[in-house]
Amino acid sequence: MMDTLKAFGLAGFLFFLIKGMVWLVLFALVSRGVVSKDKVDRFRDCLKFRRRDDDTAD
């Protein structure tokens, strides 16, 4: 049981570590002008989950 929990903990840590590094690389590419901000915004729009109308009001 503990081995399974440790495996999930390691997998979760690696997932968030890699995710964070990808975002840092993406921000660096945008800041240097390699990737345009418009392309990143379009990509982010593709990844967003659909929200209900009442959730979008800020």
# chains A, B, ... in the order shown; residues from 1 in each chain; ligands from 1
>>> select_by_dssp(residues="chain A", states="helix (DSSP H, G or I)", output="PyMOL selection string")
chain A and resi 2-32+37-47+53-55
>>> write_last_selection(atoms="N, CA and C atoms", output="short mmCIF file (atom, residue, chain, number, x, y, z; two decimals), in the first residue's frame")
data_model
loop_
_atom_site.label_atom_id
_atom_site.label_comp_id
_atom_site.auth_asym_id
_atom_site.auth_seq_id
_atom_site.Cartn_x
_atom_site.Cartn_y
_atom_site.Cartn_z
N MET A 2 1.88 1.29 0.84
CA MET A 2 2.75 2.47 0.93
C MET A 2 3.56 2.64 -0.36
N ASP A 3 3.93 1.54 -0.99
CA ASP A 3 4.68 1.64 -2.24
C ASP A 3 3.83 2.29 -3.33
N THR A 4 2.54 1.96 -3.33
CA THR A 4 1.62 2.55 -4.31
C THR A 4 1.48 4.05 -4.06
N LEU A 5 1.32 4.44 -2.80
CA LEU A 5 1.20 5.86 -2.47
C LEU A 5 2.48 6.62 -2.82
N LYS A 6 3.61 6.02 -2.58
CA LYS A 6 4.88 6.66 -2.94
C LYS A 6 5.01 6.81 -4.44
N ALA A 7 4.55 5.81 -5.19
CA ALA A 7 4.61 5.89 -6.65
C ALA A 7 3.72 7.02 -7.16
N PHE A 8 2.51 7.15 -6.58
CA PHE A 8 1.63 8.25 -6.98
C PHE A 8 2.23 9.60 -6.61
N GLY A 9 2.86 9.67 -5.46
CA GLY A 9 3.49 10.92 -5.04
C GLY A 9 4.62 11.31 -5.97
N LEU A 10 5.43 10.35 -6.36
CA LEU A 10 6.53 10.63 -7.29
C LEU A 10 5.99 11.03 -8.66
N ALA A 11 4.95 10.34 -9.11
CA ALA A 11 4.36 10.67 -10.41
C ALA A 11 3.76 12.07 -10.39
N GLY A 12 3.10 12.43 -9.32
CA GLY A 12 2.52 13.77 -9.19
C GLY A 12 3.59 14.84 -9.17
N PHE A 13 4.66 14.59 -8.41
CA PHE A 13 5.76 15.54 -8.35
C PHE A 13 6.38 15.74 -9.73
N LEU A 14 6.64 14.67 -10.43
CA LEU A 14 7.25 14.78 -11.75
C LEU A 14 6.32 15.48 -12.74
N PHE A 15 5.03 15.19 -12.66
CA PHE A 15 4.07 15.85 -13.54
C PHE A 15 4.12 17.36 -13.36
N PHE A 16 4.03 17.84 -12.12
CA PHE A 16 4.02 19.27 -11.89
C PHE A 16 5.38 19.91 -12.15
N LEU A 17 6.45 19.19 -11.92
CA LEU A 17 7.78 19.70 -12.24
C LEU A 17 7.92 19.93 -13.74
N ILE A 18 7.53 18.94 -14.52
CA ILE A 18 7.64 19.06 -15.98
C ILE A 18 6.69 20.12 -16.50
N LYS A 19 5.48 20.18 -15.96
CA LYS A 19 4.51 21.18 -16.38
C LYS A 19 5.05 22.59 -16.11
N GLY A 20 5.62 22.80 -14.95
CA GLY A 20 6.18 24.10 -14.61
C GLY A 20 7.35 24.47 -15.51
N MET A 21 8.19 23.51 -15.82
CA MET A 21 9.34 23.79 -16.69
C MET A 21 8.88 24.12 -18.10
N VAL A 22 7.84 23.46 -18.58
CA VAL A 22 7.31 23.76 -19.92
C VAL A 22 6.79 25.19 -19.96
N TRP A 23 6.07 25.62 -18.91
CA TRP A 23 5.57 26.98 -18.89
C TRP A 23 6.71 28.00 -18.84
N LEU A 24 7.76 27.71 -18.08
CA LEU A 24 8.90 28.63 -18.02
C LEU A 24 9.59 28.75 -19.37
N VAL A 25 9.74 27.64 -20.07
CA VAL A 25 10.34 27.67 -21.40
C VAL A 25 9.45 28.44 -22.37
N LEU A 26 8.15 28.24 -22.27
CA LEU A 26 7.22 28.95 -23.14
C LEU A 26 7.29 30.45 -22.90
N PHE A 27 7.31 30.87 -21.63
CA PHE A 27 7.41 32.30 -21.33
C PHE A 27 8.73 32.88 -21.83
N ALA A 28 9.81 32.12 -21.73
CA ALA A 28 11.11 32.59 -22.23
C ALA A 28 11.06 32.76 -23.75
N LEU A 29 10.43 31.82 -24.44
CA LEU A 29 10.33 31.93 -25.90
C LEU A 29 9.48 33.12 -26.32
N VAL A 30 8.42 33.39 -25.58
CA VAL A 30 7.57 34.55 -25.89
C VAL A 30 8.33 35.83 -25.62
N SER A 31 9.07 35.89 -24.52
CA SER A 31 9.79 37.12 -24.18
C SER A 31 10.92 37.42 -25.16
N ARG A 32 11.49 36.40 -25.76
CA ARG A 32 12.55 36.61 -26.75
C ARG A 32 12.00 36.81 -28.16
N LYS A 37 2.84 36.13 -29.00
CA LYS A 37 1.86 36.04 -27.92
C LYS A 37 0.50 35.63 -28.47
N ASP A 38 0.18 36.03 -29.69
CA ASP A 38 -1.10 35.65 -30.29
C ASP A 38 -1.21 34.13 -30.45
N LYS A 39 -0.12 33.49 -30.87
CA LYS A 39 -0.14 32.03 -31.01
C LYS A 39 -0.34 31.36 -29.67
N VAL A 40 0.29 31.88 -28.62
CA VAL A 40 0.14 31.31 -27.29
C VAL A 40 -1.30 31.50 -26.81
N ASP A 41 -1.88 32.67 -27.05
CA ASP A 41 -3.26 32.90 -26.64
C ASP A 41 -4.23 31.97 -27.36
N ARG A 42 -4.01 31.75 -28.65
CA ARG A 42 -4.87 30.83 -29.39
C ARG A 42 -4.72 29.40 -28.86
N PHE A 43 -3.49 29.02 -28.52
CA PHE A 43 -3.25 27.68 -27.97
C PHE A 43 -3.93 27.53 -26.61
N ARG A 44 -3.84 28.56 -25.77
CA ARG A 44 -4.49 28.52 -24.46
C ARG A 44 -6.00 28.43 -24.60
N ASP A 45 -6.57 29.12 -25.58
CA ASP A 45 -8.01 29.04 -25.80
C ASP A 45 -8.43 27.63 -26.17
N CYS A 46 -7.59 26.93 -26.90
CA CYS A 46 -7.91 25.54 -27.26
C CYS A 46 -7.89 24.62 -26.04
N LEU A 47 -7.07 24.94 -25.05
CA LEU A 47 -6.93 24.09 -23.87
C LEU A 47 -7.97 24.36 -22.79
N ASP A 53 -22.08 29.87 -18.11
CA ASP A 53 -22.17 31.33 -18.25
C ASP A 53 -22.03 32.04 -16.92
N ASP A 54 -22.56 31.45 -15.83
CA ASP A 54 -22.48 32.13 -14.54
C ASP A 54 -21.09 32.08 -13.93
N ASP A 55 -20.21 31.19 -14.40
CA ASP A 55 -18.85 31.10 -13.89
C ASP A 55 -17.93 32.13 -14.51
#
